[in-house]
>>> print(open('query.cif').read())   # mmCIF, C-alpha atoms and all ligand atoms
data_model
loop_
_atom_site.label_atom_id
_atom_site.label_comp_id
_atom_site.auth_asym_id
_atom_site.auth_seq_id
_atom_site.Cartn_x
_atom_site.Cartn_y
_atom_site.Cartn_z
CA MET I 1 -73.82 -63.76 63.62
CA ARG I 2 -71.01 -62.98 66.04
CA PHE I 3 -68.66 -65.17 63.95
CA ILE I 4 -69.56 -63.32 60.72
CA CYS I 5 -68.98 -59.98 62.45
CA LYS I 6 -65.52 -61.07 63.63
CA TYR I 7 -64.74 -62.40 60.17
CA MET I 8 -65.82 -59.13 58.53
CA THR I 9 -63.72 -57.04 60.98
CA THR I 10 -60.58 -59.15 60.26
CA LEU I 11 -61.21 -58.81 56.53
CA PHE I 12 -61.62 -55.05 56.92
CA PHE I 13 -58.26 -54.77 58.73
CA ILE I 14 -56.48 -56.91 56.13
CA LEU I 15 -57.90 -54.63 53.45
CA ILE I 16 -56.67 -51.49 55.24
CA ILE I 17 -53.16 -52.99 55.66
CA ALA I 18 -53.04 -53.97 51.98
CA LEU I 19 -54.11 -50.43 51.00
CA LEU I 20 -51.45 -48.87 53.25
CA ALA I 21 -48.78 -51.16 51.77
CA GLU I 22 -49.79 -49.99 48.27
CA CYS I 23 -49.52 -46.34 49.38
CA VAL I 24 -46.02 -46.92 50.82
CA LYS I 25 -45.01 -48.48 47.51
CA GLU I 26 -46.42 -45.43 45.74
CA ILE I 27 -44.45 -42.91 47.79
CA LYS I 28 -41.20 -44.91 47.47
CA PRO I 29 -38.96 -42.74 45.32
CA THR I 30 -38.48 -43.80 41.73
CA MET I 31 -35.52 -43.26 39.42
CA ASN I 32 -35.37 -39.62 38.55
CA ILE I 33 -33.13 -36.96 37.09
CA GLU I 34 -33.51 -33.24 37.51
CA GLU I 35 -31.55 -30.46 35.80
CA LYS I 36 -30.81 -27.15 37.54
CA VAL I 37 -28.66 -24.12 36.82
CA PHE I 38 -25.44 -24.35 38.87
CA GLY I 39 -23.91 -21.03 37.84
CA LYS I 40 -21.51 -19.47 35.35
CA THR I 41 -17.75 -19.79 35.01
CA ALA I 42 -15.53 -16.68 35.16
CA ASP I 43 -15.78 -16.60 31.31
CA GLY I 44 -19.58 -16.49 31.56
CA ILE I 45 -20.18 -20.09 30.42
CA PRO I 46 -23.24 -21.57 32.14
CA ALA I 47 -23.01 -24.94 33.89
CA ASN I 48 -25.79 -27.15 35.18
CA LEU I 49 -26.30 -29.43 38.12
CA TYR I 50 -27.86 -32.84 37.46
CA ILE I 51 -29.58 -34.52 40.40
CA LEU I 52 -29.92 -38.26 39.93
CA THR I 53 -31.98 -40.36 42.35
CA ASN I 54 -32.80 -44.04 42.42
CA SER I 55 -35.70 -45.90 44.01
CA ASN I 56 -33.66 -46.66 47.15
CA GLY I 57 -33.25 -42.94 47.81
CA MET I 58 -29.59 -42.79 46.76
CA GLU I 59 -28.82 -39.39 45.25
CA VAL I 60 -25.88 -38.26 43.10
CA LYS I 61 -25.27 -34.68 41.96
CA ILE I 62 -23.11 -34.05 38.92
CA THR I 63 -22.15 -30.84 37.17
CA ASN I 64 -20.99 -30.55 33.57
CA TYR I 65 -18.25 -28.16 34.75
CA GLY I 66 -15.26 -30.53 34.88
CA GLY I 67 -17.67 -33.50 34.91
CA ILE I 68 -17.56 -33.12 38.69
CA VAL I 69 -19.41 -35.47 41.04
CA VAL I 70 -20.62 -32.87 43.52
CA SER I 71 -22.27 -35.22 46.03
CA ILE I 72 -23.20 -38.84 46.65
CA SER I 73 -25.77 -39.43 49.35
CA VAL I 74 -26.01 -43.01 50.64
CA PRO I 75 -27.46 -44.59 53.81
CA ASP I 76 -25.56 -45.97 56.81
CA LYS I 77 -26.49 -49.14 58.72
CA ASN I 78 -29.37 -47.25 60.41
CA GLY I 79 -30.73 -45.96 57.12
CA LYS I 80 -29.36 -42.45 57.71
CA PHE I 81 -28.36 -40.77 54.45
CA TYR I 82 -25.23 -38.61 54.26
CA ASP I 83 -23.00 -37.17 51.57
CA VAL I 84 -19.79 -39.25 51.22
CA VAL I 85 -17.72 -37.09 48.82
CA LEU I 86 -15.79 -33.90 49.48
CA GLY I 87 -16.58 -30.79 47.46
CA TYR I 88 -18.13 -27.33 47.49
CA ASP I 89 -21.61 -25.84 47.61
CA THR I 90 -21.15 -23.47 44.66
CA LEU I 91 -19.76 -23.56 41.13
CA GLU I 92 -17.67 -20.49 41.89
CA GLU I 93 -15.73 -22.36 44.58
CA TYR I 94 -15.07 -25.26 42.20
CA THR I 95 -13.66 -22.84 39.61
CA ARG I 96 -11.37 -21.15 42.16
CA ASP I 97 -8.97 -23.57 43.79
CA ASN I 98 -10.17 -27.12 43.58
CA PRO I 99 -7.75 -29.94 44.49
CA TYR I 100 -9.52 -32.06 41.82
CA PHE I 101 -12.59 -32.78 44.01
CA GLY I 102 -14.86 -35.19 42.08
CA CYS I 103 -13.70 -34.25 38.59
CA ILE I 104 -12.91 -36.06 35.35
CA VAL I 105 -9.15 -35.99 34.88
CA GLY I 106 -7.62 -35.88 31.40
CA ARG I 107 -6.16 -35.95 28.84
CA TYR I 108 -3.63 -37.76 31.02
CA ALA I 109 -4.53 -38.54 34.63
CA ASN I 110 -1.61 -38.66 37.08
CA ARG I 111 1.99 -37.66 36.36
CA ILE I 112 4.17 -37.48 33.26
CA ALA I 113 7.82 -37.02 34.26
CA LYS I 114 9.36 -33.65 33.38
CA GLY I 115 6.24 -32.81 31.35
CA ALA I 116 7.55 -34.46 28.20
CA PHE I 117 7.14 -37.63 26.17
CA MET I 118 8.11 -39.03 22.77
CA LEU I 119 5.55 -40.38 20.32
CA ASN I 120 6.45 -41.60 16.81
CA GLY I 121 9.86 -39.91 17.12
CA VAL I 122 8.43 -36.49 18.04
CA GLU I 123 8.88 -34.94 21.46
CA TYR I 124 5.78 -33.34 23.00
CA THR I 125 6.20 -30.88 25.85
CA LEU I 126 3.49 -30.28 28.40
CA ALA I 127 2.99 -27.92 31.33
CA GLN I 128 5.10 -28.72 34.39
CA ASN I 129 2.36 -27.96 36.89
CA ASN I 130 3.54 -30.26 39.70
CA ASN I 131 7.16 -29.47 40.58
CA ASP I 132 8.86 -30.41 37.31
CA ASN I 133 6.19 -32.98 36.41
CA HIS I 134 3.00 -32.72 34.41
CA LEU I 135 -0.05 -33.58 36.54
CA HIS I 136 -3.68 -34.37 35.69
CA GLY I 137 -3.79 -32.98 32.15
CA GLY I 138 -2.05 -29.65 32.77
CA ILE I 139 -3.08 -26.06 33.50
CA LYS I 140 -6.58 -26.38 32.07
CA GLY I 141 -7.35 -30.06 31.99
CA PHE I 142 -10.70 -31.79 31.51
CA ASP I 143 -11.51 -30.90 35.13
CA LYS I 144 -11.72 -27.18 34.26
CA VAL I 145 -13.80 -27.17 31.07
CA VAL I 146 -17.56 -27.09 30.57
CA TRP I 147 -18.73 -30.30 28.90
CA ASN I 148 -21.82 -30.66 26.70
CA ALA I 149 -24.44 -32.56 28.65
CA GLU I 150 -27.42 -34.69 27.72
CA ILE I 151 -29.80 -36.56 30.00
CA VAL I 152 -30.00 -40.34 29.52
CA ARG I 153 -32.90 -42.48 30.77
CA ARG I 154 -33.02 -46.26 30.51
CA ASP I 155 -34.88 -48.98 32.41
CA GLU I 156 -33.69 -48.96 36.03
CA GLU I 157 -31.06 -46.31 35.19
CA VAL I 158 -30.68 -42.55 34.86
CA GLY I 159 -27.60 -40.78 33.62
CA VAL I 160 -25.80 -37.82 32.15
CA LYS I 161 -23.81 -38.09 28.94
CA LEU I 162 -20.95 -35.60 28.79
CA THR I 163 -19.01 -34.85 25.64
CA TYR I 164 -15.97 -32.67 25.02
CA LEU I 165 -13.72 -32.01 22.05
CA SER I 166 -10.13 -31.48 23.12
CA VAL I 167 -8.53 -29.83 20.11
CA ASP I 168 -5.19 -30.75 18.56
CA GLY I 169 -2.44 -29.12 20.62
CA GLU I 170 -4.59 -28.40 23.67
CA GLU I 171 -2.31 -28.49 26.74
CA GLY I 172 0.42 -29.71 24.36
CA TYR I 173 -1.18 -33.04 23.40
CA PRO I 174 -1.45 -34.09 19.75
CA GLY I 175 -4.69 -34.88 17.93
CA ASN I 176 -8.31 -33.76 18.12
CA LEU I 177 -9.72 -35.96 20.86
CA ASN I 178 -13.48 -36.54 21.05
CA VAL I 179 -14.30 -37.61 24.58
CA THR I 180 -17.53 -39.03 26.00
CA VAL I 181 -18.14 -39.76 29.66
CA ILE I 182 -21.46 -41.25 30.77
CA TYR I 183 -22.36 -41.17 34.45
CA THR I 184 -25.15 -43.61 35.31
CA LEU I 185 -26.94 -44.21 38.59
CA THR I 186 -28.44 -47.69 38.77
CA ASP I 187 -31.07 -49.17 41.03
CA SER I 188 -28.37 -51.41 42.53
CA ASP I 189 -26.81 -48.32 44.19
CA GLU I 190 -24.02 -48.07 41.66
CA LEU I 191 -22.46 -45.02 40.13
CA LYS I 192 -21.18 -46.28 36.80
CA ILE I 193 -18.75 -44.27 34.67
CA ASP I 194 -18.24 -45.18 31.01
CA TYR I 195 -15.45 -43.35 29.20
CA MET I 196 -14.87 -43.33 25.44
CA ALA I 197 -12.49 -41.37 23.20
CA THR I 198 -11.44 -41.23 19.56
CA THR I 199 -8.68 -39.24 17.89
CA ASP I 200 -7.60 -38.13 14.41
CA ARG I 201 -3.85 -38.41 15.19
CA ASP I 202 -1.85 -40.72 17.42
CA THR I 203 -2.04 -39.44 20.99
CA VAL I 204 -1.94 -40.57 24.63
CA VAL I 205 -5.06 -40.93 26.79
CA ASN I 206 -5.60 -41.84 30.44
CA LEU I 207 -8.90 -40.78 31.99
CA THR I 208 -10.15 -41.14 35.54
CA ASN I 209 -12.47 -39.71 38.15
CA HIS I 210 -10.96 -37.96 41.16
CA SER I 211 -13.68 -38.24 43.82
CA TYR I 212 -12.52 -37.86 47.42
CA PHE I 213 -14.54 -40.33 49.51
CA ASN I 214 -15.23 -40.46 53.22
CA LEU I 215 -17.75 -43.19 54.02
CA ALA I 216 -18.32 -41.79 57.52
CA GLY I 217 -19.54 -38.58 55.88
CA ALA I 218 -17.69 -35.78 54.06
CA GLY I 219 -16.10 -33.37 56.52
CA LEU I 220 -16.93 -35.45 59.60
CA GLY I 221 -13.42 -36.74 60.33
CA ASP I 222 -10.47 -38.61 58.89
CA VAL I 223 -10.55 -41.93 57.04
CA LEU I 224 -7.83 -43.67 59.07
CA GLY I 225 -10.33 -46.13 60.58
CA HIS I 226 -11.73 -47.19 57.19
CA GLU I 227 -10.89 -50.73 56.14
CA MET I 228 -9.38 -51.04 52.68
CA MET I 229 -8.86 -54.04 50.44
CA ILE I 230 -7.04 -53.60 47.13
CA ASN I 231 -7.08 -56.54 44.76
CA ALA I 232 -3.41 -56.21 43.80
CA ASP I 233 -0.31 -58.27 44.57
CA ARG I 234 1.99 -55.61 43.09
CA PHE I 235 2.38 -51.85 42.88
CA THR I 236 4.52 -49.42 40.88
CA PRO I 237 7.13 -48.03 43.33
CA ILE I 238 7.89 -44.31 42.98
CA ASN I 239 10.91 -42.06 43.38
CA ALA I 240 10.96 -38.94 45.56
CA ASN I 241 9.14 -37.02 42.76
CA LEU I 242 6.27 -39.54 42.81
CA ILE I 243 7.28 -40.89 39.39
CA PRO I 244 7.25 -44.69 38.97
CA THR I 245 10.68 -46.26 38.69
CA GLY I 246 9.34 -48.74 36.11
CA GLU I 247 9.48 -51.71 38.48
CA LEU I 248 6.40 -53.77 39.38
CA ARG I 249 7.09 -54.68 43.01
CA SER I 250 5.34 -57.18 45.27
CA VAL I 251 3.30 -55.65 48.11
CA GLU I 252 4.07 -58.60 50.36
CA GLY I 253 5.52 -57.60 53.71
CA THR I 254 5.12 -53.86 52.94
CA PRO I 255 2.65 -51.24 54.26
CA LEU I 256 1.13 -51.31 50.75
CA ASP I 257 -0.21 -54.83 51.20
CA PHE I 258 -4.01 -54.49 51.18
CA THR I 259 -4.68 -57.93 49.73
CA ARG I 260 -6.51 -58.56 53.01
CA PRO I 261 -8.57 -55.72 54.57
CA GLU I 262 -6.44 -53.38 56.70
CA THR I 263 -7.31 -50.02 58.17
CA ILE I 264 -5.94 -47.10 56.18
CA GLY I 265 -4.32 -45.72 59.32
CA SER I 266 -2.53 -48.78 60.67
CA ARG I 267 0.67 -48.35 58.58
CA ILE I 268 0.24 -44.89 57.03
CA ASP I 269 3.16 -43.39 59.00
CA ALA I 270 5.38 -46.47 58.77
CA ASP I 271 9.14 -46.07 58.54
CA ASP I 272 9.16 -47.10 54.90
CA GLU I 273 10.74 -45.33 51.92
CA GLN I 274 7.63 -45.65 49.69
CA ILE I 275 5.35 -44.28 52.42
CA LYS I 276 7.77 -41.40 52.96
CA PHE I 277 7.93 -40.56 49.24
CA GLY I 278 4.13 -40.57 49.05
CA GLY I 279 3.62 -38.69 52.32
CA GLY I 280 1.29 -41.60 53.11
CA TYR I 281 -0.46 -43.52 50.35
CA ASP I 282 -0.15 -41.98 46.89
CA HIS I 283 0.72 -44.96 44.72
CA ASN I 284 -0.55 -46.95 41.81
CA TRP I 285 -1.44 -50.60 42.42
CA VAL I 286 -1.20 -53.18 39.62
CA LEU I 287 -4.59 -54.88 39.70
CA ASN I 288 -4.82 -58.68 39.70
CA LYS I 289 -6.57 -59.44 36.42
CA SER I 290 -6.03 -61.26 33.19
CA GLY I 291 -7.03 -58.59 30.67
CA GLU I 292 -9.41 -55.70 30.24
CA GLU I 293 -12.38 -57.36 31.95
CA LEU I 294 -14.51 -55.48 34.49
CA SER I 295 -13.18 -56.82 37.78
CA LEU I 296 -13.12 -56.00 41.48
CA ALA I 297 -10.34 -53.51 42.20
CA ALA I 298 -11.01 -52.43 45.78
CA ARG I 299 -13.44 -52.66 48.67
CA VAL I 300 -13.61 -50.05 51.42
CA SER I 301 -15.80 -50.01 54.51
CA ASP I 302 -16.29 -47.78 57.50
CA PRO I 303 -16.92 -49.99 60.56
CA ALA I 304 -18.59 -47.14 62.50
CA THR I 305 -21.36 -46.39 59.98
CA GLY I 306 -21.36 -49.72 58.14
CA ARG I 307 -21.08 -47.95 54.77
CA CYS I 308 -19.22 -49.97 52.21
CA MET I 309 -17.97 -49.23 48.68
CA MET I 310 -16.76 -51.67 46.03
CA VAL I 311 -14.81 -50.46 43.02
CA TYR I 312 -14.90 -52.40 39.74
CA THR I 313 -12.92 -51.39 36.69
CA THR I 314 -11.69 -52.42 33.28
CA GLU I 315 -8.42 -50.53 33.91
CA PRO I 316 -5.09 -52.18 34.82
CA GLY I 317 -4.27 -49.85 37.74
CA ILE I 318 -5.67 -47.88 40.64
CA GLN I 319 -4.15 -44.90 42.42
CA PHE I 320 -4.95 -44.94 46.11
CA TYR I 321 -4.33 -41.44 47.44
CA SER I 322 -4.96 -40.87 51.15
CA GLY I 323 -5.64 -37.13 51.02
CA ASN I 324 -2.13 -36.27 52.20
CA PHE I 325 -2.14 -32.78 50.67
CA LEU I 326 -5.44 -31.73 52.25
CA ASP I 327 -4.44 -29.17 54.85
CA GLY I 328 -7.65 -27.57 56.06
CA SER I 329 -6.95 -24.45 54.00
CA SER I 330 -10.11 -24.58 51.91
CA ARG I 331 -13.64 -24.63 53.28
CA GLY I 332 -15.86 -27.24 51.78
CA LYS I 333 -19.57 -27.96 51.77
CA LYS I 334 -21.62 -26.36 54.54
CA GLY I 335 -18.48 -24.65 55.89
CA SER I 336 -16.72 -27.90 56.74
CA VAL I 337 -12.93 -27.94 56.88
CA TYR I 338 -11.11 -30.75 55.10
CA HIS I 339 -7.99 -31.64 57.02
CA LYS I 340 -5.17 -34.02 56.08
CA ARG I 341 -6.48 -37.55 55.41
CA TYR I 342 -10.13 -36.56 55.65
CA ALA I 343 -10.73 -38.55 52.44
CA PHE I 344 -9.33 -41.20 50.14
CA CYS I 345 -9.31 -41.35 46.35
CA LEU I 346 -9.38 -44.52 44.28
CA GLU I 347 -8.50 -43.40 40.77
CA THR I 348 -8.85 -46.23 38.27
CA GLN I 349 -6.30 -45.67 35.53
CA HIS I 350 -3.34 -46.76 33.45
CA PHE I 351 -0.03 -46.50 35.26
CA PRO I 352 1.51 -43.05 35.87
CA ASP I 353 4.16 -41.87 33.41
CA SER I 354 3.25 -44.63 30.93
CA PRO I 355 4.13 -42.45 27.91
CA ASN I 356 7.76 -42.68 29.12
CA LYS I 357 7.59 -46.31 30.24
CA PRO I 358 7.37 -48.64 27.21
CA GLU I 359 7.26 -51.61 29.61
CA PHE I 360 3.89 -50.43 31.06
CA PRO I 361 0.54 -51.16 29.32
CA SER I 362 0.27 -48.74 26.39
CA VAL I 363 -1.72 -45.49 26.63
CA VAL I 364 -1.35 -44.67 22.93
CA LEU I 365 -4.60 -44.14 21.04
CA LYS I 366 -4.59 -44.33 17.24
CA PRO I 367 -7.20 -42.94 14.81
CA ALA I 368 -8.67 -46.37 14.02
CA GLU I 369 -9.18 -47.24 17.70
CA THR I 370 -11.62 -46.29 20.46
CA TYR I 371 -10.44 -45.71 24.00
CA LYS I 372 -12.89 -47.36 26.41
CA GLN I 373 -13.00 -47.72 30.15
CA THR I 374 -15.72 -48.54 32.67
CA THR I 375 -15.55 -48.04 36.41
CA ILE I 376 -18.31 -48.77 38.92
CA TYR I 377 -18.54 -47.52 42.50
CA ARG I 378 -21.10 -49.72 44.26
CA PHE I 379 -22.44 -48.73 47.68
CA SER I 380 -23.94 -50.98 50.36
CA VAL I 381 -24.11 -51.39 54.14
CA LYS I 382 -22.57 -54.07 56.29
C1 LIG I 401 -3.47 -37.36 42.70
C2 LIG I 401 -2.02 -37.40 42.96
C3 LIG I 401 -1.69 -36.77 44.27
C4 LIG I 401 -2.27 -35.37 44.33
C5 LIG I 401 -3.74 -35.44 44.05
C6 LIG I 401 -4.35 -34.06 43.96
O1 LIG I 401 -4.15 -38.31 43.36
O2 LIG I 401 -1.49 -38.70 42.91
O3 LIG I 401 -0.31 -36.72 44.47
O4 LIG I 401 -1.63 -34.56 43.41
O5 LIG I 401 -3.98 -36.06 42.85
O6 LIG I 401 -4.05 -33.27 45.05
#
>>> encode(input="query.cif", output="structure tokens", more="lines below")
Ligand code: GLA
Amino acid sequence: MRFICKYMTTLFFILIIALLAECVKEIKPTMNIEEKVFGKTADGIPANLYILTNSNGMEVKITNYGGIVVSISVPDKNGKFYDVVLGYDTLEEYTRDNPYFGCIVGRYANRIAKGAFMLNGVEYTLAQNNNDNHLHGGIKGFDKVVWNAEIVRRDEEVGVKLTYLSVDGEEGYPGNLNVTVIYTLTDSDELKIDYMATTDRDTVVNLTNHSYFNLAGAGLGDVLGHEMMINADRFTPINANLIPTGELRSVEGTPLDFTRPETIGSRIDADDEQIKFGGGYDHNWVLNKSGEELSLAARVSDPATGRCMMVYTTEPGIQFYSGNFLDGSSRGKKGSVYHKRYAFCLETQHFPDSPNKPEFPSVVLKPAETYKQTTIYRFSVK
């Protein structure tokens, strides 16, 4: 009798544990997407905020104003979640004076020398909005327009599909350009960005995302202690105006060698001409790859929190910008102040000033073609 009693009690406890385990499984978050009103632009155009969550609790907020990634919340080695991208709390602040926090950059990301280029024998002139250069698509680039948005749900994935028609002549570029950008959050803690574009006239296209990352937490300090690996043996050296000279130079023996992990801060103030021109790191690296395959471009980790980010892309280049122009002048989320080098950007792209550099991979898009690029930011802990 006593044996049966003991047996029944053990069985009872096993049953309770099994039931509890089921409940925990039940309350584990599942993939979800929520749509909220974010506000209105100065012209009265409404913009939404899309809140994407996966079953590991990772959360990404995206607005269709500028296709901006507003926040990315990921855990550290102790499971503590924190937002790892710089930005603002309100739409109004994004529309005021945003140094490209989180946005989609286009029609041409990065610089075009003197704001001019030739295509099929015709010279196109663009805004010189960065000294005498054209930067990030001009006065009102893709970062400052409201995109059409549609929610996308697939197995193990949630996303937002953004579309925008950039009309012929907009910001000086030729051709009506139909652009689609799909942001997807996967259950493998990846933020995937698929870009597509078609045109009705020959034009130039170079799209990227301009998120400012800080794996220790946005606003909590600088990124000088982060370890960076860039899968590139060469970079495109720049002149004093940050325009590539056209050369593809080896990184070997220079402060731009990140073929093996190095902290961002160890050589950022080196007595080196390229570092001086960039005011730190603000260069394009030529990724080691054979073609347009999706391949590892960079890996960054923060030893203190254990947060790690891998970047994969189909693009030939990546601009590593170490937040040199951040000067603490604008207040970010929750009142935080973003000082110099409080973030890094890894902008996957074609090389800067390609429209004026026939030796660089072409950025020309023709009516019969489709521009395509995929970039993945994958988060993990070490
Ligand atoms: C890019 C450029 C930088 C700077 C930032 C925006 O990354 O390369 O020089 O203009 O955008 O502040």
>>> residues_around(input="query.cif", residues="Gly219 (chain I)", least_positions_apart="6", cutoff="7 Å", atoms="all atoms listed in the file", output="short mmCIF file (atom, residue, chain, number, x, y, z; two decimals) with C-alpha atoms, in the coordinates of the input")
data_model
loop_
_atom_site.label_atom_id
_atom_site.label_comp_id
_atom_site.auth_asym_id
_atom_site.auth_seq_id
_atom_site.Cartn_x
_atom_site.Cartn_y
_atom_site.Cartn_z
CA SER I 336 -16.72 -27.90 56.74
CA VAL I 337 -12.93 -27.94 56.88
CA TYR I 338 -11.11 -30.75 55.10
CA TYR I 342 -10.13 -36.56 55.65
#
>>> closest_atom_pairs(input="query.cif", of="region 287-379 of chain I", to="region 116-132 of chain I", cutoff="12 Å", atoms="all atoms listed in the file", output="tab-separated table")
residue	atom	partner	partner_atom	distance
I:Asp353	CA	I:Phe117	CA	8.9
I:Ser354	CA	I:Phe117	CA	9.3
I:Pro355	CA	I:Phe117	CA	5.9
I:Asn356	CA	I:Phe117	CA	5.9
I:Lys357	CA	I:Phe117	CA	9.6
I:Pro358	CA	I:Met118	CA	10.6
I:Ser362	CA	I:Leu119	CA	11.6
I:Val363	CA	I:Leu119	CA	10.9
I:Val364	CA	I:Leu119	CA	8.5
I:Leu365	CA	I:Leu119	CA	10.8
I:Lys366	CA	I:Leu119	CA	11.3
>>> atom_distance(input="query.cif", atom1="CA of Ile51 (chain I)", atom2="CA of Phe344 (chain I)")
23.4 Å
>>> closest_residue(input="query.cif", among="I:Leu256, I:Val179, I:Ile238, I:Ile193", to="Val311 (chain I)", atoms="only C-alpha atoms")
I:Ile193
>>> residues_near_ligand(input="query.cif", ligand="ligand LIG 401 (chain I)", cutoff="10 Å", atoms="all atoms listed in the file", output="PyMOL selection string")
chain I and resi 98-101+105+109-111+130+135-136+209-212+241-243+278-279+281-284+319-326+344-347+352
>>> write_last_selection(input="query.cif", atoms="C-alpha atoms", output="compact mmCIF listing (two decimals), in the coordinates of the input")
# COMPACT_ATOMS: atom_id res chain seq x y z
CA ASN I 98 -10.17 -27.12 43.58
CA PRO I 99 -7.75 -29.94 44.49
CA TYR I 100 -9.52 -32.06 41.82
CA PHE I 101 -12.59 -32.78 44.01
CA VAL I 105 -9.15 -35.99 34.88
CA ALA I 109 -4.53 -38.54 34.63
CA ASN I 110 -1.61 -38.66 37.08
CA ARG I 111 1.99 -37.66 36.36
CA ASN I 130 3.54 -30.26 39.70
CA LEU I 135 -0.05 -33.58 36.54
CA HIS I 136 -3.68 -34.37 35.69
CA ASN I 209 -12.47 -39.71 38.15
CA HIS I 210 -10.96 -37.96 41.16
CA SER I 211 -13.68 -38.24 43.82
CA TYR I 212 -12.52 -37.86 47.42
CA ASN I 241 9.14 -37.02 42.76
CA LEU I 242 6.27 -39.54 42.81
CA ILE I 243 7.28 -40.89 39.39
CA GLY I 278 4.13 -40.57 49.05
CA GLY I 279 3.62 -38.69 52.32
CA TYR I 281 -0.46 -43.52 50.35
CA ASP I 282 -0.15 -41.98 46.89
CA HIS I 283 0.72 -44.96 44.72
CA ASN I 284 -0.55 -46.95 41.81
CA GLN I 319 -4.15 -44.90 42.42
CA PHE I 320 -4.95 -44.94 46.11
CA TYR I 321 -4.33 -41.44 47.44
CA SER I 322 -4.96 -40.87 51.15
CA GLY I 323 -5.64 -37.13 51.02
CA ASN I 324 -2.13 -36.27 52.20
CA PHE I 325 -2.14 -32.78 50.67
CA LEU I 326 -5.44 -31.73 52.25
CA PHE I 344 -9.33 -41.20 50.14
CA CYS I 345 -9.31 -41.35 46.35
CA LEU I 346 -9.38 -44.52 44.28
CA GLU I 347 -8.50 -43.40 40.77
CA PRO I 352 1.51 -43.05 35.87
>>> atom_distance(input="query.cif", atom1="CA of Val37 (chain I)", atom2="CA of Gly328 (chain I)")
28.7 Å
>>> residues_around(input="query.cif", residues="Gly265 (chain I)", least_positions_apart="2", cutoff="9 Å", atoms="all atoms listed in the file", output="JSON, numbers by chain")
{"I": [223, 224, 225, 226, 227, 262, 263, 267, 268, 269]}
>>> closest_residue(input="query.cif", among="I:Arg234, I:Lys77, I:Arg153, I:Arg201", to="Gly169 (chain I)", atoms="only C-alpha atoms")
I:Arg201
>>> residues_around(input="query.cif", residues="region 67-72 of chain I", least_positions_apart="6", cutoff="8 Å", atoms="all atoms listed in the file", output="PyMOL selection string")
chain I and resi 58-61+82-88+101-104+142-143+146-147+162+211
>>> atom_distance(input="query.cif", atom1="CA of Lys333 (chain I)", atom2="CA of Asn48 (chain I)")
17.7 Å
>>> residues_around(input="query.cif", residues="Phe379 (chain I)", least_positions_apart="2", cutoff="6 Å", atoms="all atoms listed in the file", output="list in words")
Asp189, Cys308 and Met309 of chain I
